[in-house]
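Student: Next up, data03.txt (compact mmCIF, N, CA and C atoms).
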# COMPACT_ATOMS: atom_id res chain seq x y z
N SER K 150 0.84 -1.18 0.00
CA SER K 150 0.00 0.00 0.00
C SER K 150 0.88 1.24 0.00
N THR K 151 0.36 2.30 -0.58
CA THR K 151 1.11 3.55 -0.65
C THR K 151 0.36 4.64 0.10
N PHE K 152 1.10 5.63 0.51
CA PHE K 152 0.52 6.78 1.20
C PHE K 152 0.02 7.75 0.15
N ALA K 153 -1.27 8.07 0.16
CA ALA K 153 -1.87 8.85 -0.92
C ALA K 153 -2.22 10.28 -0.53
N ALA K 154 -1.82 10.73 0.65
CA ALA K 154 -2.17 12.09 1.07
C ALA K 154 -1.42 13.13 0.24
N THR K 155 -2.06 14.24 0.01
CA THR K 155 -1.43 15.34 -0.72
C THR K 155 -0.48 16.09 0.20
N VAL K 156 0.70 16.37 -0.31
CA VAL K 156 1.67 17.17 0.43
C VAL K 156 1.41 18.62 0.06
N THR K 157 1.27 19.47 1.08
CA THR K 157 1.00 20.89 0.86
C THR K 157 2.12 21.72 1.45
N LEU K 158 2.60 22.67 0.67
CA LEU K 158 3.64 23.59 1.12
C LEU K 158 3.13 25.00 0.89
N CYS K 159 3.09 25.80 1.95
CA CYS K 159 2.63 27.18 1.86
C CYS K 159 3.75 28.09 2.34
N LEU K 160 4.19 29.00 1.49
CA LEU K 160 5.24 29.95 1.83
C LEU K 160 4.74 31.36 1.55
N ASP K 161 4.93 32.24 2.53
CA ASP K 161 4.49 33.62 2.41
C ASP K 161 5.70 34.54 2.24
N ASP K 162 5.46 35.74 1.78
CA ASP K 162 6.50 36.76 1.60
C ASP K 162 7.66 36.29 0.72
N LEU K 163 7.32 35.61 -0.35
CA LEU K 163 8.36 35.09 -1.25
C LEU K 163 9.16 36.20 -1.94
N GLN K 164 8.66 37.42 -1.92
CA GLN K 164 9.43 38.50 -2.53
C GLN K 164 10.74 38.73 -1.78
N TRP K 165 10.84 38.24 -0.54
CA TRP K 165 12.06 38.42 0.26
C TRP K 165 12.97 37.19 0.20
N ALA K 166 12.54 36.13 -0.47
CA ALA K 166 13.33 34.90 -0.52
C ALA K 166 14.61 35.09 -1.31
N ASP K 167 15.67 34.43 -0.86
CA ASP K 167 16.95 34.49 -1.56
C ASP K 167 16.97 33.45 -2.69
N SER K 168 18.02 33.49 -3.48
CA SER K 168 18.13 32.59 -4.64
C SER K 168 18.13 31.12 -4.24
N ALA K 169 18.82 30.78 -3.13
CA ALA K 169 18.89 29.38 -2.69
C ALA K 169 17.50 28.87 -2.29
N SER K 170 16.73 29.69 -1.61
CA SER K 170 15.38 29.27 -1.19
C SER K 170 14.47 29.09 -2.40
N ILE K 171 14.54 30.00 -3.34
CA ILE K 171 13.73 29.88 -4.56
C ILE K 171 14.16 28.66 -5.37
N ALA K 172 15.47 28.37 -5.40
CA ALA K 172 15.96 27.19 -6.11
C ALA K 172 15.41 25.92 -5.46
N ALA K 173 15.34 25.90 -4.12
CA ALA K 173 14.78 24.73 -3.42
C ALA K 173 13.30 24.56 -3.76
N VAL K 174 12.55 25.65 -3.78
CA VAL K 174 11.13 25.59 -4.15
C VAL K 174 11.00 25.10 -5.59
N ASN K 175 11.84 25.61 -6.47
CA ASN K 175 11.81 25.20 -7.87
C ASN K 175 12.03 23.69 -8.00
N GLN K 176 12.99 23.15 -7.26
CA GLN K 176 13.26 21.71 -7.30
C GLN K 176 12.07 20.91 -6.78
N LEU K 177 11.45 21.40 -5.72
CA LEU K 177 10.25 20.72 -5.20
C LEU K 177 9.14 20.71 -6.23
N LEU K 178 8.96 21.82 -6.91
CA LEU K 178 7.92 21.90 -7.93
C LEU K 178 8.20 20.96 -9.08
N LEU K 179 9.45 20.92 -9.51
CA LEU K 179 9.81 20.05 -10.62
C LEU K 179 9.75 18.58 -10.24
N ALA K 180 10.29 18.22 -9.08
CA ALA K 180 10.35 16.81 -8.67
C ALA K 180 9.01 16.30 -8.16
N GLY K 181 8.32 17.09 -7.38
CA GLY K 181 7.10 16.61 -6.74
C GLY K 181 5.83 16.88 -7.50
N GLY K 182 5.84 17.89 -8.31
CA GLY K 182 4.60 18.26 -8.95
C GLY K 182 4.47 17.86 -10.39
N ILE K 183 5.53 18.04 -11.14
CA ILE K 183 5.42 17.85 -12.59
C ILE K 183 6.01 16.52 -13.05
N ALA K 184 7.20 16.22 -12.57
CA ALA K 184 7.91 15.04 -13.07
C ALA K 184 7.14 13.75 -12.80
N SER K 185 6.50 13.69 -11.67
CA SER K 185 5.74 12.50 -11.33
C SER K 185 4.25 12.75 -11.57
N GLN K 186 3.69 12.04 -12.51
CA GLN K 186 2.28 12.23 -12.84
C GLN K 186 1.35 11.84 -11.70
N HIS K 187 1.83 10.97 -10.81
CA HIS K 187 0.98 10.48 -9.72
C HIS K 187 1.24 11.19 -8.41
N ALA K 188 2.19 12.09 -8.39
CA ALA K 188 2.50 12.81 -7.15
C ALA K 188 1.35 13.76 -6.81
N LYS K 189 1.09 13.86 -5.52
CA LYS K 189 0.07 14.80 -5.05
C LYS K 189 0.78 15.88 -4.26
N PHE K 190 1.02 16.99 -4.94
CA PHE K 190 1.79 18.07 -4.34
C PHE K 190 1.06 19.38 -4.62
N PHE K 191 0.78 20.15 -3.56
CA PHE K 191 0.12 21.44 -3.71
C PHE K 191 1.03 22.51 -3.12
N PHE K 192 1.35 23.50 -3.91
CA PHE K 192 2.20 24.58 -3.46
C PHE K 192 1.43 25.89 -3.51
N LEU K 193 1.44 26.61 -2.41
CA LEU K 193 0.82 27.93 -2.34
C LEU K 193 1.92 28.92 -1.99
N GLY K 194 2.23 29.78 -2.93
CA GLY K 194 3.26 30.79 -2.71
C GLY K 194 2.65 32.17 -2.77
N CYS K 195 2.97 32.98 -1.78
CA CYS K 195 2.41 34.33 -1.70
C CYS K 195 3.53 35.36 -1.79
N TYR K 196 3.28 36.40 -2.53
CA TYR K 196 4.26 37.49 -2.63
C TYR K 196 3.51 38.78 -2.88
N ARG K 197 4.17 39.88 -2.58
CA ARG K 197 3.58 41.19 -2.77
C ARG K 197 3.89 41.70 -4.17
N GLU K 198 2.84 41.97 -4.88
CA GLU K 198 3.00 42.50 -6.22
C GLU K 198 3.68 43.86 -6.14
N GLY K 199 4.55 44.13 -7.08
CA GLY K 199 5.23 45.41 -7.11
C GLY K 199 6.54 45.41 -6.33
N GLU K 200 6.82 44.31 -5.61
CA GLU K 200 8.07 44.24 -4.85
C GLU K 200 9.04 43.24 -5.48
N THR K 201 8.74 42.84 -6.70
CA THR K 201 9.65 41.97 -7.45
C THR K 201 9.90 42.64 -8.81
N ASP K 202 11.05 42.37 -9.38
CA ASP K 202 11.34 42.84 -10.73
C ASP K 202 11.89 41.68 -11.54
N LYS K 203 12.26 41.91 -12.77
CA LYS K 203 12.70 40.82 -13.64
C LYS K 203 14.00 40.18 -13.19
N TYR K 204 14.72 40.81 -12.26
CA TYR K 204 15.97 40.25 -11.76
C TYR K 204 15.78 39.46 -10.46
N ASN K 205 14.61 39.53 -9.88
CA ASN K 205 14.31 38.83 -8.63
C ASN K 205 14.26 37.32 -8.89
N PRO K 206 14.86 36.49 -8.01
CA PRO K 206 14.85 35.04 -8.24
C PRO K 206 13.43 34.46 -8.29
N LEU K 207 12.50 35.06 -7.57
CA LEU K 207 11.11 34.59 -7.61
C LEU K 207 10.54 34.78 -9.00
N TRP K 208 10.74 35.95 -9.57
CA TRP K 208 10.21 36.25 -10.89
C TRP K 208 10.78 35.29 -11.93
N LYS K 209 12.06 34.97 -11.82
CA LYS K 209 12.68 34.03 -12.76
C LYS K 209 12.03 32.66 -12.66
N THR K 210 11.70 32.23 -11.44
CA THR K 210 11.04 30.94 -11.26
C THR K 210 9.63 30.97 -11.83
N LEU K 211 8.91 32.06 -11.59
CA LEU K 211 7.55 32.16 -12.11
C LEU K 211 7.53 32.13 -13.64
N CYS K 212 8.59 32.63 -14.24
CA CYS K 212 8.67 32.67 -15.71
C CYS K 212 9.39 31.45 -16.30
N ASN K 213 9.77 30.50 -15.47
CA ASN K 213 10.54 29.34 -15.90
C ASN K 213 9.73 28.49 -16.87
N ASN K 214 10.29 28.25 -18.06
CA ASN K 214 9.60 27.45 -19.07
C ASN K 214 9.37 26.01 -18.63
N ASP K 215 10.22 25.48 -17.74
CA ASP K 215 10.04 24.10 -17.28
C ASP K 215 8.75 23.94 -16.49
N LEU K 216 8.23 25.03 -15.95
CA LEU K 216 7.02 24.94 -15.12
C LEU K 216 5.75 25.22 -15.90
N VAL K 217 5.88 25.43 -17.20
CA VAL K 217 4.71 25.77 -18.02
C VAL K 217 3.65 24.68 -17.95
N ASN K 218 4.06 23.43 -17.85
CA ASN K 218 3.09 22.33 -17.81
C ASN K 218 2.39 22.19 -16.46
N ALA K 219 2.86 22.89 -15.45
CA ALA K 219 2.22 22.82 -14.14
C ALA K 219 0.94 23.65 -14.17
N ARG K 220 -0.07 23.14 -13.53
CA ARG K 220 -1.30 23.92 -13.42
C ARG K 220 -1.07 24.99 -12.36
N SER K 221 -1.37 26.21 -12.70
CA SER K 221 -1.20 27.29 -11.74
C SER K 221 -2.32 28.30 -11.89
N THR K 222 -2.57 28.99 -10.81
CA THR K 222 -3.59 30.02 -10.79
C THR K 222 -3.04 31.23 -10.05
N ASP K 223 -3.13 32.38 -10.66
CA ASP K 223 -2.74 33.61 -9.99
C ASP K 223 -3.99 34.20 -9.35
N VAL K 224 -3.89 34.52 -8.08
CA VAL K 224 -4.99 35.14 -7.37
C VAL K 224 -4.49 36.48 -6.84
N LYS K 225 -5.11 37.54 -7.28
CA LYS K 225 -4.71 38.86 -6.83
C LYS K 225 -5.68 39.30 -5.73
N LEU K 226 -5.11 39.62 -4.59
CA LEU K 226 -5.92 40.04 -3.45
C LEU K 226 -5.89 41.56 -3.39
N ASP K 227 -6.98 42.17 -3.79
CA ASP K 227 -7.09 43.62 -3.76
C ASP K 227 -7.70 44.09 -2.45
N CYS K 228 -7.68 45.37 -2.26
CA CYS K 228 -8.34 45.95 -1.09
C CYS K 228 -9.85 45.81 -1.26
N MET K 229 -10.53 45.65 -0.13
CA MET K 229 -11.99 45.52 -0.16
C MET K 229 -12.63 46.90 -0.28
N GLY K 230 -13.76 46.94 -0.94
CA GLY K 230 -14.56 48.15 -0.96
C GLY K 230 -15.27 48.29 0.38
N GLU K 231 -15.82 49.46 0.61
CA GLU K 231 -16.46 49.73 1.90
C GLU K 231 -17.65 48.80 2.16
N GLU K 232 -18.42 48.50 1.13
CA GLU K 232 -19.57 47.61 1.30
C GLU K 232 -19.14 46.18 1.62
N THR K 233 -18.11 45.69 0.94
CA THR K 233 -17.58 44.35 1.20
C THR K 233 -17.04 44.25 2.61
N LEU K 234 -16.29 45.27 3.02
CA LEU K 234 -15.74 45.29 4.38
C LEU K 234 -16.88 45.30 5.41
N SER K 235 -17.91 46.07 5.15
CA SER K 235 -19.07 46.13 6.05
C SER K 235 -19.71 44.76 6.19
N THR K 236 -19.85 44.06 5.09
CA THR K 236 -20.41 42.70 5.13
C THR K 236 -19.51 41.76 5.93
N MET K 237 -18.20 41.86 5.72
CA MET K 237 -17.26 41.01 6.45
C MET K 237 -17.34 41.26 7.96
N VAL K 238 -17.37 42.53 8.36
CA VAL K 238 -17.43 42.86 9.79
C VAL K 238 -18.74 42.36 10.39
N SER K 239 -19.85 42.58 9.70
CA SER K 239 -21.14 42.14 10.24
C SER K 239 -21.21 40.62 10.36
N GLU K 240 -20.67 39.90 9.38
CA GLU K 240 -20.68 38.44 9.45
C GLU K 240 -19.70 37.92 10.51
N THR K 241 -18.55 38.58 10.66
CA THR K 241 -17.59 38.18 11.67
C THR K 241 -18.16 38.33 13.07
N LEU K 242 -18.89 39.41 13.30
CA LEU K 242 -19.45 39.69 14.63
C LEU K 242 -20.86 39.13 14.80
N CYS K 243 -21.38 38.48 13.75
CA CYS K 243 -22.74 37.90 13.79
C CYS K 243 -23.79 38.95 14.15
N LEU K 244 -23.67 40.11 13.53
CA LEU K 244 -24.62 41.20 13.73
C LEU K 244 -25.04 41.73 12.37
N SER K 245 -26.18 42.38 12.33
CA SER K 245 -26.65 42.93 11.06
C SER K 245 -25.76 44.10 10.66
N PRO K 246 -25.64 44.34 9.35
CA PRO K 246 -24.82 45.46 8.88
C PRO K 246 -25.28 46.80 9.46
N ARG K 247 -26.55 46.93 9.75
CA ARG K 247 -27.07 48.16 10.34
C ARG K 247 -26.40 48.43 11.68
N LEU K 248 -26.17 47.37 12.46
CA LEU K 248 -25.57 47.52 13.79
C LEU K 248 -24.05 47.74 13.73
N THR K 249 -23.42 47.25 12.67
CA THR K 249 -21.96 47.35 12.59
C THR K 249 -21.48 48.49 11.69
N ARG K 250 -22.42 49.26 11.14
CA ARG K 250 -22.07 50.30 10.17
C ARG K 250 -21.03 51.28 10.71
N SER K 251 -21.19 51.75 11.95
CA SER K 251 -20.24 52.74 12.50
C SER K 251 -18.85 52.14 12.66
N LEU K 252 -18.78 50.91 13.17
CA LEU K 252 -17.49 50.23 13.33
C LEU K 252 -16.86 49.96 11.97
N SER K 253 -17.64 49.48 11.03
CA SER K 253 -17.13 49.19 9.69
C SER K 253 -16.56 50.44 9.04
N SER K 254 -17.23 51.55 9.22
CA SER K 254 -16.77 52.81 8.64
C SER K 254 -15.42 53.22 9.22
N ILE K 255 -15.28 53.09 10.52
CA ILE K 255 -13.99 53.41 11.17
C ILE K 255 -12.89 52.49 10.65
N ILE K 256 -13.18 51.19 10.59
CA ILE K 256 -12.18 50.22 10.13
C ILE K 256 -11.80 50.51 8.69
N TYR K 257 -12.78 50.82 7.85
CA TYR K 257 -12.48 51.10 6.45
C TYR K 257 -11.59 52.33 6.31
N HIS K 258 -11.90 53.38 7.02
CA HIS K 258 -11.12 54.62 6.88
C HIS K 258 -9.71 54.49 7.46
N LYS K 259 -9.53 53.60 8.42
CA LYS K 259 -8.19 53.39 8.98
C LYS K 259 -7.35 52.44 8.12
N THR K 260 -8.00 51.52 7.41
CA THR K 260 -7.26 50.49 6.67
C THR K 260 -7.35 50.63 5.16
N LYS K 261 -8.25 51.45 4.68
CA LYS K 261 -8.52 51.59 3.24
C LYS K 261 -8.89 50.24 2.61
N GLY K 262 -9.39 49.31 3.43
CA GLY K 262 -9.86 48.02 2.93
C GLY K 262 -8.79 46.97 2.73
N ASN K 263 -7.56 47.24 3.14
CA ASN K 263 -6.49 46.25 3.02
C ASN K 263 -6.81 45.07 3.94
N PRO K 264 -6.99 43.86 3.39
CA PRO K 264 -7.41 42.71 4.20
C PRO K 264 -6.48 42.41 5.39
N LEU K 265 -5.18 42.54 5.19
CA LEU K 265 -4.25 42.30 6.28
C LEU K 265 -4.45 43.33 7.39
N PHE K 266 -4.56 44.60 7.01
CA PHE K 266 -4.73 45.66 8.00
C PHE K 266 -6.08 45.54 8.72
N VAL K 267 -7.12 45.13 7.99
CA VAL K 267 -8.44 44.94 8.61
C VAL K 267 -8.35 43.88 9.69
N SER K 268 -7.75 42.75 9.34
CA SER K 268 -7.61 41.65 10.29
C SER K 268 -6.82 42.07 11.51
N ARG K 269 -5.68 42.70 11.28
CA ARG K 269 -4.82 43.14 12.39
C ARG K 269 -5.51 44.18 13.27
N LEU K 270 -6.24 45.10 12.65
CA LEU K 270 -6.93 46.13 13.43
C LEU K 270 -8.03 45.52 14.30
N MET K 271 -8.80 44.58 13.74
CA MET K 271 -9.86 43.95 14.53
C MET K 271 -9.28 43.15 15.70
N ILE K 272 -8.17 42.48 15.47
CA ILE K 272 -7.51 41.74 16.56
C ILE K 272 -7.01 42.71 17.61
N SER K 273 -6.41 43.80 17.17
CA SER K 273 -5.90 44.81 18.10
C SER K 273 -7.03 45.44 18.92
N LEU K 274 -8.13 45.77 18.27
CA LEU K 274 -9.28 46.34 18.98
C LEU K 274 -9.80 45.39 20.05
N SER K 275 -9.83 44.11 19.71
CA SER K 275 -10.28 43.10 20.66
C SER K 275 -9.31 42.96 21.84
N LYS K 276 -8.02 42.88 21.54
CA LYS K 276 -7.02 42.75 22.60
C LYS K 276 -7.01 43.93 23.54
N GLU K 277 -7.27 45.12 23.01
CA GLU K 277 -7.26 46.34 23.82
C GLU K 277 -8.60 46.58 24.53
N GLY K 278 -9.57 45.69 24.30
CA GLY K 278 -10.86 45.82 24.96
C GLY K 278 -11.78 46.84 24.32
N LEU K 279 -11.40 47.34 23.14
CA LEU K 279 -12.24 48.32 22.45
C LEU K 279 -13.35 47.64 21.64
N LEU K 280 -13.14 46.40 21.32
CA LEU K 280 -14.14 45.55 20.67
C LEU K 280 -14.25 44.33 21.58
N ARG K 281 -15.39 44.17 22.23
CA ARG K 281 -15.50 43.17 23.29
C ARG K 281 -16.86 42.50 23.29
N PRO K 282 -16.90 41.26 23.74
CA PRO K 282 -18.20 40.57 23.86
C PRO K 282 -18.93 41.09 25.11
N SER K 283 -20.21 41.28 24.97
CA SER K 283 -21.05 41.68 26.10
C SER K 283 -21.91 40.49 26.48
N LEU K 284 -21.69 39.97 27.68
CA LEU K 284 -22.49 38.83 28.13
C LEU K 284 -23.94 39.23 28.35
N SER K 285 -24.17 40.43 28.89
CA SER K 285 -25.54 40.86 29.16
C SER K 285 -26.33 41.09 27.87
N MET K 286 -25.67 41.64 26.84
CA MET K 286 -26.36 41.90 25.57
C MET K 286 -26.24 40.72 24.61
N ARG K 287 -25.36 39.77 24.94
CA ARG K 287 -25.13 38.57 24.13
C ARG K 287 -24.71 38.90 22.70
N ARG K 288 -23.81 39.87 22.60
CA ARG K 288 -23.26 40.26 21.30
C ARG K 288 -22.01 41.08 21.52
N TRP K 289 -21.32 41.35 20.43
CA TRP K 289 -20.13 42.19 20.49
C TRP K 289 -20.54 43.64 20.66
N GLU K 290 -19.70 44.42 21.37
CA GLU K 290 -19.97 45.85 21.50
C GLU K 290 -18.66 46.62 21.40
N TRP K 291 -18.76 47.90 21.14
CA TRP K 291 -17.61 48.78 21.00
C TRP K 291 -18.08 50.20 21.30
N ASP K 292 -17.11 51.06 21.58
CA ASP K 292 -17.42 52.46 21.83
C ASP K 292 -17.66 53.14 20.49
N LYS K 293 -18.77 53.86 20.40
CA LYS K 293 -19.12 54.48 19.10
C LYS K 293 -18.59 55.86 18.98
Is it possible to give me this structure as structure tokens?
Tutor:
Amino acid sequence: STFAATVTLCLDDLQWADSASIAAVNQLLLAGGIASQHAKFFFLGCYREGETDKYNPLWKTLCNNDLVNARSTDVKLDCMGEETLSTMVSETLCLSPRLTRSLSSIIYHKTKGNPLFVSRLMISLSKEGLLRPSLSMRRWEWDK
């Protein structure tokens, strides 16, 4: 019997990776993903657009002709619009958008909809007690 589980590798901030690290990723992609038709290998690599150029080792790997046969998908994560952010905040806090509108507006204006900044700000607000669960009201509350 063989082990059939998919191997998953997730690396973030690849724009900062050195040539040796990118070469190791390239070898993994070639050996585990393409060369073996039966291999189950999933690679998720994240990088910041605009922080790589044609001389960056990451860019050279992304443009590598040997990897053309690999299935790949580029996903661009843009900033959220105010309405999308409002929906996310209301669903996260399990409250109607009407109740979270003031908080969503503050979060949007502080983060401009950047998903990373939104997440970090909400965590920070919670840690500082500015966004807190109310046992008596059975919902999240914050100072308006």
Student: In Å, rounded to a single decimal, give me how far atom C of K:Asp223 is from atom C of K:Asp161.
Tutor: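 Atom C of K:Asp223 lies at a distance of 15.1 Å from atom C of K:Asp161.
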Student: Can you pull out every residue within 10 Å of K:Tyr257, counting only C-alpha atoms, but drop anything in the same chain fewer than 5 positions away, and send it as a PyMOL selection string?
Tutor: chain K and resi 229-235+251-252+262-263+266-267
Student: What's the separation between atom N of K:Asp292 and atom N of K:Ile256, in Å to one decimal place?
Tutor: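 According to the coordinates, atom N of K:Asp292 and atom N of K:Ile256 are separated by 11.7 Å.
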Student: Work out how far atom N of K:Cys228 is from atom CA of K:Leu279, in Å to one decimal.
Tutor: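 Computed distance, atom CA of K:Leu279 to atom N of K:Cys228, equals 25.3 Å.
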Student: Using only N, CA and C atoms, pick whichever of K:Val224, K:Leu242, K:Met237, K:Leu248 has the shortest atom-to-atom distance to K:Arg288.
Tutor: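 Looking only at the distances to K:Arg288, the closest residue turns out to be K:Leu242.
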Student: From the set K:Lys225, K:Met286, K:Leu178, K:Asp162, which residue has the shortest atom-to-atom contact distance to K:Tyr196, counting all atoms listed in the file?
Tutor: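 Smallest separation from K:Tyr196 among the options: K:Asp162.
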Student: Choose the residue, out of K:Leu177, K:Leu280, K:Cys159, K:Ile255, that has the smallest atom-to-atom separation from K:Gly194; count only C-alpha atoms.
Tutor: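 The shortest atom-to-atom distance to K:Gly194 comes from K:Cys159.
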Student: According to DSSP computed on the backbone, where in stretch 216-290 of chain K is there alpha helix (DSSP H)? Give the residues as a PyMOL selection string.
Tutor: chain K and resi 231-241+246-260+264-276
Student: Produce a file of the selected residues containing N, CA and C atoms, as a CSV table (one decimal), in the coordinates of the input.
Tutor:
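So again_34.csv came out as:
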chain,number,residue,atom,x,y,z
K,231,GLU,N,-15.8,49.5,0.6
K,231,GLU,CA,-16.5,49.7,1.9
K,231,GLU,C,-17.6,48.8,2.2
K,232,GLU,N,-18.4,48.5,1.1
K,232,GLU,CA,-19.6,47.6,1.3
K,232,GLU,C,-19.1,46.2,1.6
K,233,THR,N,-18.1,45.7,0.9
K,233,THR,CA,-17.6,44.4,1.2
K,233,THR,C,-17.0,44.2,2.6
K,234,LEU,N,-16.3,45.3,3.0
K,234,LEU,CA,-15.7,45.3,4.4
K,234,LEU,C,-16.9,45.3,5.4
K,235,SER,N,-17.9,46.1,5.2
K,235,SER,CA,-19.1,46.1,6.0
K,235,SER,C,-19.7,44.8,6.2
K,236,THR,N,-19.8,44.1,5.1
K,236,THR,CA,-20.4,42.7,5.1
K,236,THR,C,-19.5,41.8,5.9
K,237,MET,N,-18.2,41.9,5.7
K,237,MET,CA,-17.3,41.0,6.4
K,237,MET,C,-17.3,41.3,8.0
K,238,VAL,N,-17.4,42.5,8.4
K,238,VAL,CA,-17.4,42.9,9.8
K,238,VAL,C,-18.7,42.4,10.4
K,239,SER,N,-19.8,42.6,9.7
K,239,SER,CA,-21.1,42.1,10.2
K,239,SER,C,-21.2,40.6,10.4
K,240,GLU,N,-20.7,39.9,9.4
K,240,GLU,CA,-20.7,38.4,9.4
K,240,GLU,C,-19.7,37.9,10.5
K,241,THR,N,-18.6,38.6,10.7
K,241,THR,CA,-17.6,38.2,11.7
K,241,THR,C,-18.2,38.3,13.1
K,246,PRO,N,-25.6,44.3,9.4
K,246,PRO,CA,-24.8,45.5,8.9
K,246,PRO,C,-25.3,46.8,9.5
K,247,ARG,N,-26.6,46.9,9.8
K,247,ARG,CA,-27.1,48.2,10.3
K,247,ARG,C,-26.4,48.4,11.7
K,248,LEU,N,-26.2,47.4,12.5
K,248,LEU,CA,-25.6,47.5,13.8
K,248,LEU,C,-24.0,47.7,13.7
K,249,THR,N,-23.4,47.2,12.7
K,249,THR,CA,-22.0,47.4,12.6
K,249,THR,C,-21.5,48.5,11.7
K,250,ARG,N,-22.4,49.3,11.1
K,250,ARG,CA,-22.1,50.3,10.2
K,250,ARG,C,-21.0,51.3,10.7
K,251,SER,N,-21.2,51.8,12.0
K,251,SER,CA,-20.2,52.7,12.5
K,251,SER,C,-18.8,52.1,12.7
K,252,LEU,N,-18.8,50.9,13.2
K,252,LEU,CA,-17.5,50.2,13.3
K,252,LEU,C,-16.9,50.0,12.0
K,253,SER,N,-17.6,49.5,11.0
K,253,SER,CA,-17.1,49.2,9.7
K,253,SER,C,-16.6,50.4,9.0
K,254,SER,N,-17.2,51.6,9.2
K,254,SER,CA,-16.8,52.8,8.6
K,254,SER,C,-15.4,53.2,9.2
K,255,ILE,N,-15.3,53.1,10.5
K,255,ILE,CA,-14.0,53.4,11.2
K,255,ILE,C,-12.9,52.5,10.6
K,256,ILE,N,-13.2,51.2,10.6
K,256,ILE,CA,-12.2,50.2,10.1
K,256,ILE,C,-11.8,50.5,8.7
K,257,TYR,N,-12.8,50.8,7.8
K,257,TYR,CA,-12.5,51.1,6.4
K,257,TYR,C,-11.6,52.3,6.3
K,258,HIS,N,-11.9,53.4,7.0
K,258,HIS,CA,-11.1,54.6,6.9
K,258,HIS,C,-9.7,54.5,7.5
K,259,LYS,N,-9.5,53.6,8.4
K,259,LYS,CA,-8.2,53.4,9.0
K,259,LYS,C,-7.4,52.4,8.1
K,260,THR,N,-8.0,51.5,7.4
K,260,THR,CA,-7.3,50.5,6.7
K,260,THR,C,-7.4,50.6,5.2
K,264,PRO,N,-7.0,43.9,3.4
K,264,PRO,CA,-7.4,42.7,4.2
K,264,PRO,C,-6.5,42.4,5.4
K,265,LEU,N,-5.2,42.5,5.2
K,265,LEU,CA,-4.2,42.3,6.3
K,265,LEU,C,-4.4,43.3,7.4
K,266,PHE,N,-4.6,44.6,7.0
K,266,PHE,CA,-4.7,45.7,8.0
K,266,PHE,C,-6.1,45.5,8.7
K,267,VAL,N,-7.1,45.1,8.0
K,267,VAL,CA,-8.4,44.9,8.6
K,267,VAL,C,-8.4,43.9,9.7
K,268,SER,N,-7.8,42.8,9.3
K,268,SER,CA,-7.6,41.6,10.3
K,268,SER,C,-6.8,42.1,11.5
K,269,ARG,N,-5.7,42.7,11.3
K,269,ARG,CA,-4.8,43.1,12.4
K,269,ARG,C,-5.5,44.2,13.3
K,270,LEU,N,-6.2,45.1,12.6
K,270,LEU,CA,-6.9,46.1,13.4
K,270,LEU,C,-8.0,45.5,14.3
K,271,MET,N,-8.8,44.6,13.7
K,271,MET,CA,-9.9,44.0,14.5
K,271,MET,C,-9.3,43.2,15.7
K,272,ILE,N,-8.2,42.5,15.5
K,272,ILE,CA,-7.5,41.7,16.6
K,272,ILE,C,-7.0,42.7,17.6
K,273,SER,N,-6.4,43.8,17.2
K,273,SER,CA,-5.9,44.8,18.1
K,273,SER,C,-7.0,45.4,18.9
K,274,LEU,N,-8.1,45.8,18.3
K,274,LEU,CA,-9.3,46.3,19.0
K,274,LEU,C,-9.8,45.4,20.0
K,275,SER,N,-9.8,44.1,19.7
K,275,SER,CA,-10.3,43.1,20.7
K,275,SER,C,-9.3,43.0,21.8
K,276,LYS,N,-8.0,42.9,21.5
K,276,LYS,CA,-7.0,42.8,22.6
K,276,LYS,C,-7.0,43.9,23.5
Student: I'd like to know which of K:Ala166, K:Leu160, K:Ala154, K:Leu207 is closest to K:Cys195, using all atoms listed in the file.
Tutor: K:Leu160
Student: Env of K:Asn205: 10 Å cut, atoms = only C-alpha atoms, seq-sep filter 4 positions within chain, self excluded. Answer as a list in words.
Tutor: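 Residues meeting the cut-off are Gln164, Trp165, Ala166, Asp167, Ser168, Ile171, Glu200, Thr201, Lys209 and Thr210 of chain K.
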